[in-house]
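*Asks:* Below you will find the structure I want to go over with you.
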Amino acid sequence: MTFSPALEARFAKLLTIYPEGRQRSAVVPMLMYAQDEVGCVTRELVEEVARRCGVQPMQVDEVIGYYSMLHTKPLGKYHIQVCTNISCLLTGGEELYEHAKKTLGIGNKEVTPDGLFSLEEVECMGACSWAPAVEVNYDFHHHVTCEKLDRLIEDLRKLK
Amino acid sequence: MSDIVHLTVDGKAIEAPPGTLLINAVKRAGIEIPAFCYYDGLKLQAACRMCLVEVEKTPKLQVACTLPVAEGMVVHTDTPTVHEARKGMVEFLLTNHPLDCPVCDKGGECELQDMTFRYGFGESRFLEQKQHIDEKQWSAVVYFDRPRCINCYRCIRVCDEGMGLTALGITNRGVLAEIIPNEHDHLNCDECGMCIDICPVGALTSGMYRYKTRPWEMKHVGTICTHCSNGCKTTLGVRNDEIIRGNNRDRSGLNGEFLCIKGRYAFDFTHHAERLQSPLVRRNGKLEAASWSEALAEVAKNWTAIKQRGGRFGVIGSTRTTNEENFFLQKFARQVLGTNNIDHHRSGDVPTLLDALSGRTDALATTADFYERKAVLIVGADLSQEQPFLAWQVRANVRHHNAHIYVATPGPVREDRVAAASVRYQEGGELASLENLREKLRAEPELVVAFGDAIQGDAVRQLVNFGDSLGVPVKYVALLDYSNSRGALDMGLLPHLGPGYHAVDTPGMSLAAMLADESLDALWVVGANPLGRHVLAASKPFVVVQDLFLTDTAEHAAVVFPAASAYEKSGTVTNLCGEVQRLEAAIKVAGTKPDLEIFGLLAREMGANLGIWQASKIFEEIRGSVRGYNIPLPILTTGGAAQTAALNGHVPAPPRAERIQAAHNTLFTSGSLGQFSRTLQVVLEAPGALYQGR
Ligand code: SF4
Ligand code: SF4
Ligand code: SF4
Ligand code: FES
Ligand code: FES
């Protein structure tokens with residue numbers, strides 16, 4: 001499997017930053033970066049990362065099962081992650097999540113038919129101080145209300 | 001750093017070498033620290049927190065299974081805090097546990113049950129709905145019941161580290177964490193059952209044993225696996241004269257807890273429906289059931305007549321019968337039938353090796369050497385497939401001692417994964433390929449060399465020369481097929497060599513020569529199926545067969561005797577490394593007799609006196625007369641393995657060199673016996689492939 005030159009360079013660097021014999025540490029970052037380029041963690045990618053890090057494909061599967069931010073199915077262009085963990089829950093995260101479901105017409109880990117949005121209910125993202133929090137791809141949005149969320153979705157729709 | 005560390009545990013002074021884990025150090029003082037995930041020989045996991053103890057000057061409870069001892073350490077394992085912690089851990093493990101002990105296979109020998117009884121709360125405060133996941137079948141052998149799992153990772157580690165396969169993993173987190181098989185919804189693996197037996201609870205169960213019985217309803221008989229030459233001890237669980245399971249959880253044999261699928265599950269041929277349970281005599285061209293006295297008389301009458309008219313006998317012995325039986329058989333052939341036409345299916349060139357090493361001590365490897373020696377060279381064998389226990393030893397040696405493994409094979413093998421270097425060769429290039437390893441091997445402090453049938457005759461001497469030229473101590477082993485392939489050789493089931501490799505006066509015919517002899521008058525085949533692969537040239541020989549099943553050879557017989565299998569008799573067998581172990585009869589199958597008894601009855605019927613046919617008496621004779629077999633009895637009687645001594649003296653080569661052809665069984669085949677094991681037939685992986693590297 002080949003990747004863009006930029007990603008290849010990143011991988012090459014990754015394999016050097018861990019102590020000799022600990023190259024398996026690169027499994028998570030490799031999957032994260034590659035997932036953005038490939039769209040999701042495919043079978044082929046699992047095997048490729050396993051080979052490059054010197055582990056068994058099964059051991060990469062374990063990592064995928066453990067980390068919720070690794071996805072084996074393609075996401076929408078904008079992946080909307082709504083936190084419903086304790087701080088956000090207390091400040092309306094649950095309502096926000098229900099609202100998102102209604103607005104987008106999809107459920108947890110589902111994608112809109114046009115492929116633009118996907119939705120995921122997530123655990124604490126470390127943004128408790130600004131709860132309730134929503135993350136779209138890698139961007140954080142703080143003190144989100146239902147109205148703010150609607151506006152956000154509208155803006156993204158216009159952006160395409 | 002001093003080489004001994006002093007610590008105090010529960011007020012007792014304890015000493016331990018530095019690096020010792022606390023959980024092990026306390027055992028010397030008779031203190032138990034409970035553990036689930038800690039497992040001797042596997043990597044540390046620290047997943048279950050059952051082993052929490054108090055260590056003075058450390059604020060929090062410590063995990064004893066990963067904590068190395070330190071000088072002056074003061075540990076408490078018996079305080080209210082520790083008791084509280086253990087109760088908490090057990091209660092936690094039981095939150096989603098179904099508590100279905102009354103129907104669980106593990107009930108009665110479950111570590112969770114025992115721990116709950118000893119350290120648990122006695123009641124649960126968890127009132128919520130338990131999370132349920134349905135049981136899954138991953139293969140013919142392995143079933144997984146998620147709710148019983150306590151996430152100790154033992155199964156994952158034993159498959160990854162012990163088997164070198166990594167066929168099991170874990171997915172998700174927390175209460176959703178779940179063990180997964182390599183093919184997502186099913187397993188593609190060795191089906192060894194190591195994961196099942198190592199599971200402390202009843203989460204992994206086997207298709208053969210599940211829901212059949214309770215552990216306390218069985219009697220447990222430790223005997224030696226009949227399927228390959230490695231000689232693993234398997235402890236058979238028996239109820240009502242039926243073998244229900246095999247395992248070796250008590251680590252009693254040279255194999256410790258290891259067993260492959262064959263030793264653990266392929267005992268089921270014993271009660272296969274086609275098992276012969278009555279003698280058969282050919283009448284009007286058809287084999288018909290007959291009484292023992294009729295069948296014995298028929299054979300004695302014919303043999304006596306053939307002998308009187310100076311006819312030609314051929315005797316083919318077995319690679320699965322006991323040393324005592326083999327010894328008695330060759331005596332019968334040589335003394336009663338008056339022939340040296342005796343042979344067996346040879347699988348490795350042991351005689352040439354013994355000759356090449358004559359007079360040397362410490363040049364024959366033991367199975368333990370594969371785990372202990374610093375370097376191992378494997379020539380011409382797919383070890384993981386053909387010699388499963390040796391392969392397990394090699395993997396453990398790499399893990400525990402950083403041993404260097406060298407591989408010379410025609411194709412990729414699993415050992416490549418742990419090898420320091422692998423070379424490939426085309427047939428005939430075996431020895432030449434070793435030159436590419438010469439420099440590396442010279443740098444090793446010591447070496448064990450295991451070779452398959454690709455190395456035979458003169459090549460064995462050349463291999464030993466190669467070993468000598470390295471300038472390091474080398475030990476050798478010739479790889480063989482079945483549980484007593486070595487014993488067949490040692491006991492003289494050979495046309496040119498008697499017991500202990502002594503030359504006979506006039507060498508007889510080899511197996512191939514007997515089958516090709518058009519004027520052969522009588523053929524006696526014991527526990528072998530030569531006509532499965534060869535044709536018989538003689539047109540009307542009187543064929544007598546002793547076997548478990550109506551083999552291709554038995555189909556040609558005039559008389560067939562129903563023989564008892566290795567699991568139904570006592571006696572000794574010798575594994576490929578020359579280690580002698582005792583068989584213990586686990587069951588009796590109605591209508592069958594051990595081969596030794598059949599030999600004895602035949603001798604009596606012929607009016608010959610070969611002495612008493614009792615295994616222990618014959619073993620005494622073997623100890624007194626067969627070179628190398630003067631081994632200490634207490635080792636045997638206590639269930640141990642005693643290595644036979646090396647030879648001192650020349651072993652004559654056969655008059656005519658013949659190609660030795662091993663059976664090359666895989667994990668899922670066992671010569672003509674494999675087809676009668678349902679287990680070996682139903683696994684999807686069967687029959688397995690050599691040189692695939694998986
Ligand atoms: S049966 Fe053996 S090879 Fe298969 S998963 Fe279990 S431990 Fe691994
Ligand atoms: S299946 Fe058994 S061995 Fe494997 S993690 Fe669960 S409890 Fe441990
Ligand atoms: S390795 Fe050989 S002796 Fe051991 S269990 Fe398997 S078949 Fe039997
Ligand atoms: S609970 Fe939502 S970000 Fe921490
Ligand atoms: S035995 Fe120590 S954490 Fe499991």
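Labels used: A, B, ... for chains in the order of the structure tokens, numbers from 1 for residues in each chain, and numbers from 1 for ligands as shown.
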Residues within 7 Å of ligand 1 should be enumerated using only C-alpha atoms and all ligand atoms and returned as a list in words.

*Replies:*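 Checking only C-alpha atoms and all ligand atoms against ligand 1 at 7 Å gives Val142, Cys155, Val158, Cys159, Met163, Leu165, Thr166, Ala167, Leu168, Pro181, Leu187, Cys189, Asp190, Glu191, Cys192, Gly193, Met194, Cys195 and Ile196 of chain B.
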
*Asks:* Within 7 Å of ligand 3 (counting only C-alpha atoms and all ligand atoms), which residues show up? I'd like them as an MDAnalysis selection string.

*Replies:* chainID B and resid 225:232 259:264 387:389 483

*Asks:* Return as a Markdown table the residues of chain A lying at most 12 Å from chain B, together with the closest atom-to-atom pair for each and the distance in Å to one decimal, counting only C-alpha atoms, with rows in chain order and ascending residue number.

*Replies:*
| residue | atom | partner | partner_atom | distance |
| --- | --- | --- | --- | --- |
| A:Arg43 | CA | B:His184 | CA | 11.7 |
| A:Gly54 | CA | B:Arg417 | CA | 10.8 |
| A:Val55 | CA | B:Thr166 | CA | 9.7 |
| A:Gln56 | CA | B:Thr166 | CA | 7.0 |
| A:Pro57 | CA | B:Asn182 | CA | 8.5 |
| A:Met58 | CA | B:Gly169 | CA | 6.1 |
| A:Gln59 | CA | B:Gly169 | CA | 6.7 |
| A:Val60 | CA | B:Gly169 | CA | 9.4 |
| A:Asp61 | CA | B:Thr171 | CA | 7.3 |
| A:Glu62 | CA | B:Thr171 | CA | 4.9 |
| A:Val63 | CA | B:Thr171 | CA | 7.4 |
| A:Ile64 | CA | B:Thr171 | CA | 7.6 |
| A:Gly65 | CA | B:Thr171 | CA | 4.4 |
| A:Tyr66 | CA | B:Asn172 | CA | 4.6 |
| A:Tyr67 | CA | B:Asn172 | CA | 7.7 |
| A:Ser68 | CA | B:Asn172 | CA | 8.5 |
| A:Met69 | CA | B:Asn172 | CA | 12.0 |
| A:Leu70 | CA | B:Asn172 | CA | 11.5 |

*Asks:* Take the residues that were just selected and, keeping N, CA, C and O atoms, output them as a short mmCIF file (atom, residue, chain, number, x, y, z; two decimals), in the first residue's frame.

*Replies:*
data_model
loop_
_atom_site.label_atom_id
_atom_site.label_comp_id
_atom_site.auth_asym_id
_atom_site.auth_seq_id
_atom_site.Cartn_x
_atom_site.Cartn_y
_atom_site.Cartn_z
N ARG A 43 -9.06 -2.89 5.76
CA ARG A 43 -8.34 -4.14 6.03
C ARG A 43 -6.89 -4.02 5.54
O ARG A 43 -5.94 -4.42 6.20
N GLY A 54 5.86 -4.04 12.60
CA GLY A 54 6.36 -5.33 13.08
C GLY A 54 5.46 -5.99 14.11
O GLY A 54 5.91 -6.61 15.07
N VAL A 55 4.14 -5.84 13.95
CA VAL A 55 3.22 -6.54 14.85
C VAL A 55 2.27 -7.39 13.99
O VAL A 55 2.31 -7.32 12.77
N GLN A 56 1.45 -8.18 14.64
CA GLN A 56 0.48 -8.99 13.92
C GLN A 56 -0.77 -8.17 13.62
O GLN A 56 -1.15 -7.31 14.42
N PRO A 57 -1.43 -8.42 12.49
CA PRO A 57 -2.67 -7.70 12.17
C PRO A 57 -3.66 -7.74 13.33
O PRO A 57 -4.34 -6.75 13.62
N MET A 58 -3.71 -8.89 14.03
CA MET A 58 -4.60 -9.01 15.18
C MET A 58 -4.32 -7.93 16.22
O MET A 58 -5.22 -7.39 16.86
N GLN A 59 -3.05 -7.59 16.39
CA GLN A 59 -2.69 -6.60 17.41
C GLN A 59 -3.11 -5.20 16.97
O GLN A 59 -3.38 -4.33 17.81
N VAL A 60 -3.18 -4.98 15.67
CA VAL A 60 -3.69 -3.69 15.17
C VAL A 60 -5.21 -3.66 15.36
O VAL A 60 -5.78 -2.65 15.76
N ASP A 61 -5.85 -4.80 15.12
CA ASP A 61 -7.30 -4.90 15.34
C ASP A 61 -7.65 -4.54 16.78
O ASP A 61 -8.65 -3.89 17.04
N GLU A 62 -6.83 -5.00 17.71
CA GLU A 62 -7.09 -4.72 19.12
C GLU A 62 -7.10 -3.22 19.39
O GLU A 62 -7.95 -2.70 20.09
N VAL A 63 -6.14 -2.53 18.76
CA VAL A 63 -6.02 -1.08 18.94
C VAL A 63 -7.25 -0.39 18.37
O VAL A 63 -7.81 0.53 18.97
N ILE A 64 -7.70 -0.87 17.22
CA ILE A 64 -8.87 -0.26 16.58
C ILE A 64 -10.11 -0.42 17.45
O ILE A 64 -10.91 0.49 17.62
N GLY A 65 -10.24 -1.59 18.05
CA GLY A 65 -11.39 -1.83 18.92
C GLY A 65 -11.34 -0.96 20.16
O GLY A 65 -12.37 -0.56 20.71
N TYR A 66 -10.13 -0.66 20.60
CA TYR A 66 -9.97 0.08 21.85
C TYR A 66 -10.22 1.57 21.68
O TYR A 66 -10.88 2.19 22.51
N TYR A 67 -9.69 2.14 20.60
CA TYR A 67 -9.79 3.59 20.43
C TYR A 67 -10.98 3.96 19.56
O TYR A 67 -11.03 3.59 18.39
N SER A 68 -11.89 4.74 20.15
CA SER A 68 -13.12 5.03 19.42
C SER A 68 -12.88 5.99 18.25
O SER A 68 -13.72 6.11 17.37
N MET A 69 -11.74 6.67 18.23
CA MET A 69 -11.55 7.60 17.12
C MET A 69 -10.99 6.93 15.86
O MET A 69 -10.72 7.59 14.88
N LEU A 70 -10.81 5.61 15.95
CA LEU A 70 -10.40 4.90 14.75
C LEU A 70 -11.64 4.23 14.16
O LEU A 70 -12.37 3.54 14.86
#

*Asks:* Pick out the residues no farther than 10 Å from ligand 4, counting only C-alpha atoms and all ligand atoms, and list them as a list of chain:residue names.

*Replies:*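 After applying the 10 Å limit, what remains is A:Val82, A:Cys83, A:Thr84, A:Asn85, A:Ile86, A:Ser87, A:Cys88, A:Leu89, A:Leu90, A:Thr91, A:Gly93, A:Val122, A:Glu123, A:Cys124, A:Met125, A:Gly126, A:Ala127, A:Cys128, A:Ser129, A:Trp130, A:Ala131, A:Pro132, A:Ala133, A:Val134, A:Glu135, A:Phe140, A:His142.
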
*Asks:* Kindly provide, as a list in words, all nucleotide and amino acid residues lying within 7 Å of ligand 2, counting only C-alpha atoms and all ligand atoms.

*Replies:*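 Counting only C-alpha atoms and all ligand atoms, the residues within 7 Å of ligand 2 come out as Phe144, Arg148, Cys149, Ile150, Asn151, Cys152, Tyr153, Arg154, Cys155, Ile156, Ile179, Cys195, Ile198, Cys199, Pro200, Val201, Gly202, Ala203 and Leu204 of chain B.
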
*Asks:* Give the residue list for ligand 5 at 12 Å, counting only C-alpha atoms and all ligand atoms, as number ranges by chain, sorted by chain and then by residue number.

*Replies:* B: 21-24, 32-40, 42-53, 61-67, 86, 89-90, 93, 150-154, 200

*Asks:* For a quick check of understanding, using only C-alpha atoms, which of B:Pro80, B:Gly607, B:Ala557, B:Ala459 has the smallest distance to Gly429 of chain B?

*Replies:*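 Selected residue with least distance to Gly429 of chain B: B:Ala459.
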
*Asks:* Write out as number ranges by chain all residues of segment 68-133 of chain A that backbone DSSP assigns to helix (DSSP H, G or I).

*Replies:* A: 86-90, 93-104, 128-130

*Asks:* Filtering to N, CA and C atoms, could you give me those residues as a PDB file, in the first residue's frame?

*Replies:*
ATOM      1  N   ILE A  86     -19.792  13.329  31.668  1.00  0.00           N
ATOM      2  CA  ILE A  86     -20.415  13.969  32.825  1.00  0.00           C
ATOM      3  C   ILE A  86     -20.552  15.489  32.753  1.00  0.00           C
ATOM      4  N   SER A  87     -19.477  16.234  32.474  1.00  0.00           N
ATOM      5  CA  SER A  87     -19.566  17.701  32.485  1.00  0.00           C
ATOM      6  C   SER A  87     -20.530  18.186  31.414  1.00  0.00           C
ATOM      7  N   CYS A  88     -20.440  17.580  30.256  1.00  0.00           N
ATOM      8  CA  CYS A  88     -21.304  17.990  29.154  1.00  0.00           C
ATOM      9  C   CYS A  88     -22.752  17.563  29.423  1.00  0.00           C
ATOM     10  N   LEU A  89     -22.879  16.370  30.018  1.00  0.00           N
ATOM     11  CA  LEU A  89     -24.210  15.873  30.350  1.00  0.00           C
ATOM     12  C   LEU A  89     -24.930  16.858  31.263  1.00  0.00           C
ATOM     13  N   LEU A  90     -24.201  17.379  32.258  1.00  0.00           N
ATOM     14  CA  LEU A  90     -24.799  18.288  33.223  1.00  0.00           C
ATOM     15  C   LEU A  90     -25.148  19.631  32.606  1.00  0.00           C
ATOM     16  N   GLY A  93     -25.449  18.340  27.212  1.00  0.00           N
ATOM     17  CA  GLY A  93     -24.848  17.544  26.129  1.00  0.00           C
ATOM     18  C   GLY A  93     -25.819  16.536  25.540  1.00  0.00           C
ATOM     19  N   GLU A  94     -26.598  15.940  26.427  1.00  0.00           N
ATOM     20  CA  GLU A  94     -27.557  14.922  25.985  1.00  0.00           C
ATOM     21  C   GLU A  94     -28.582  15.528  25.010  1.00  0.00           C
ATOM     22  N   GLU A  95     -29.142  16.691  25.386  1.00  0.00           N
ATOM     23  CA  GLU A  95     -30.130  17.364  24.525  1.00  0.00           C
ATOM     24  C   GLU A  95     -29.491  17.716  23.182  1.00  0.00           C
ATOM     25  N   LEU A  96     -28.237  18.170  23.277  1.00  0.00           N
ATOM     26  CA  LEU A  96     -27.497  18.556  22.093  1.00  0.00           C
ATOM     27  C   LEU A  96     -27.371  17.373  21.131  1.00  0.00           C
ATOM     28  N   TYR A  97     -27.063  16.227  21.724  1.00  0.00           N
ATOM     29  CA  TYR A  97     -26.883  15.025  20.915  1.00  0.00           C
ATOM     30  C   TYR A  97     -28.213  14.621  20.262  1.00  0.00           C
ATOM     31  N   GLU A  98     -29.302  14.660  21.070  1.00  0.00           N
ATOM     32  CA  GLU A  98     -30.624  14.321  20.534  1.00  0.00           C
ATOM     33  C   GLU A  98     -30.981  15.281  19.401  1.00  0.00           C
ATOM     34  N   HIS A  99     -30.657  16.544  19.620  1.00  0.00           N
ATOM     35  CA  HIS A  99     -30.958  17.565  18.620  1.00  0.00           C
ATOM     36  C   HIS A  99     -30.186  17.298  17.329  1.00  0.00           C
ATOM     37  N   ALA A 100     -28.918  16.964  17.475  1.00  0.00           N
ATOM     38  CA  ALA A 100     -28.073  16.684  16.301  1.00  0.00           C
ATOM     39  C   ALA A 100     -28.648  15.531  15.506  1.00  0.00           C
ATOM     40  N   LYS A 101     -29.103  14.488  16.223  1.00  0.00           N
ATOM     41  CA  LYS A 101     -29.682  13.323  15.560  1.00  0.00           C
ATOM     42  C   LYS A 101     -30.868  13.745  14.695  1.00  0.00           C
ATOM     43  N   LYS A 102     -31.719  14.621  15.304  1.00  0.00           N
ATOM     44  CA  LYS A 102     -32.925  15.051  14.598  1.00  0.00           C
ATOM     45  C   LYS A 102     -32.554  15.916  13.383  1.00  0.00           C
ATOM     46  N   THR A 103     -31.701  16.887  13.631  1.00  0.00           N
ATOM     47  CA  THR A 103     -31.318  17.808  12.563  1.00  0.00           C
ATOM     48  C   THR A 103     -30.692  17.078  11.377  1.00  0.00           C
ATOM     49  N   LEU A 104     -29.784  16.162  11.695  1.00  0.00           N
ATOM     50  CA  LEU A 104     -29.070  15.478  10.611  1.00  0.00           C
ATOM     51  C   LEU A 104     -29.841  14.265  10.084  1.00  0.00           C
ATOM     52  N   CYS A 128     -13.990  19.929  29.268  1.00  0.00           N
ATOM     53  CA  CYS A 128     -15.028  20.096  30.289  1.00  0.00           C
ATOM     54  C   CYS A 128     -15.231  21.546  30.715  1.00  0.00           C
ATOM     55  N   SER A 129     -14.124  22.307  30.763  1.00  0.00           N
ATOM     56  CA  SER A 129     -14.222  23.696  31.216  1.00  0.00           C
ATOM     57  C   SER A 129     -15.136  24.521  30.332  1.00  0.00           C
ATOM     58  N   TRP A 130     -15.315  24.058  29.105  1.00  0.00           N
ATOM     59  CA  TRP A 130     -16.164  24.796  28.177  1.00  0.00           C
ATOM     60  C   TRP A 130     -17.375  23.970  27.748  1.00  0.00           C
TER      61      TRP A 130
END

*Asks:* So which one's closest to Leu437 of chain B, B:Arg320, B:Lys307, B:His97, B:Arg424? Using only C-alpha atoms, please.

*Replies:* B:Arg424

*Asks:* Considering only strand (DSSP E or B) as DSSP defines it on the backbone, what residues of chain A qualify? List them as a PyMOL selection string.

*Replies:* chain A and resi 78-83+111+117-122+134-136+139-141

*Asks:* For atom CA of Ala381 of chain B and atom CA of Gly348 of chain B, quote the distance in Å rounded to one decimal.

*Replies:*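 Between atom CA of Ala381 of chain B and atom CA of Gly348 of chain B the gap works out to 11.6 Å.
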
*Asks:* Just want the 7 Å neighbourhood of Tyr78 of chain A, counted on only C-alpha atoms, with same-chain residues fewer than 4 positions away dropped. Output as an MDAnalysis selection string.

*Replies:* chainID A and resid 116:118 136:137

*Asks:* List the spatial neighbours of Ala585 of chain B as a ChimeraX atom specification - criterion: any atom at most 12 Å away, only C-alpha atoms, same-chain residues fewer than 2 positions off excluded.

*Replies:* /B:219-225,235-238,241-243,564-572,582-583,587-589,593-594

*Asks:* Near Ser672 of chain B, within 9 Å and counting only C-alpha atoms, which residues show up once chain neighbours fewer than 5 positions away are dropped, as a list in words?

*Replies:* Ala528, Asn529, Gly532 and Thr551 of chain B

*Asks:* For atom CA of Thr58 of chain B and atom CA of Gly41 of chain B, determine how far apart the two atoms are, in Å to one decimal place.

*Replies:*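 We find that atom CA of Thr58 of chain B and atom CA of Gly41 of chain B lie 28.0 Å from each other.
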
*Asks:* One decimal, in Å: what's the spacing between atom CA of Gly674 of chain B and atom CA of Phe549 of chain B?

*Replies:*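 According to the coordinates, atom CA of Gly674 of chain B and atom CA of Phe549 of chain B are separated by 11.6 Å.
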
*Asks:* Can you work out which one of A:Glu48, A:Leu14, A:Leu31, A:Ile106 has the shortest atom-to-atom distance to Thr72 of chain A, counting only C-alpha atoms?

*Replies:*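 The closest residue to Thr72 of chain A is A:Leu31.
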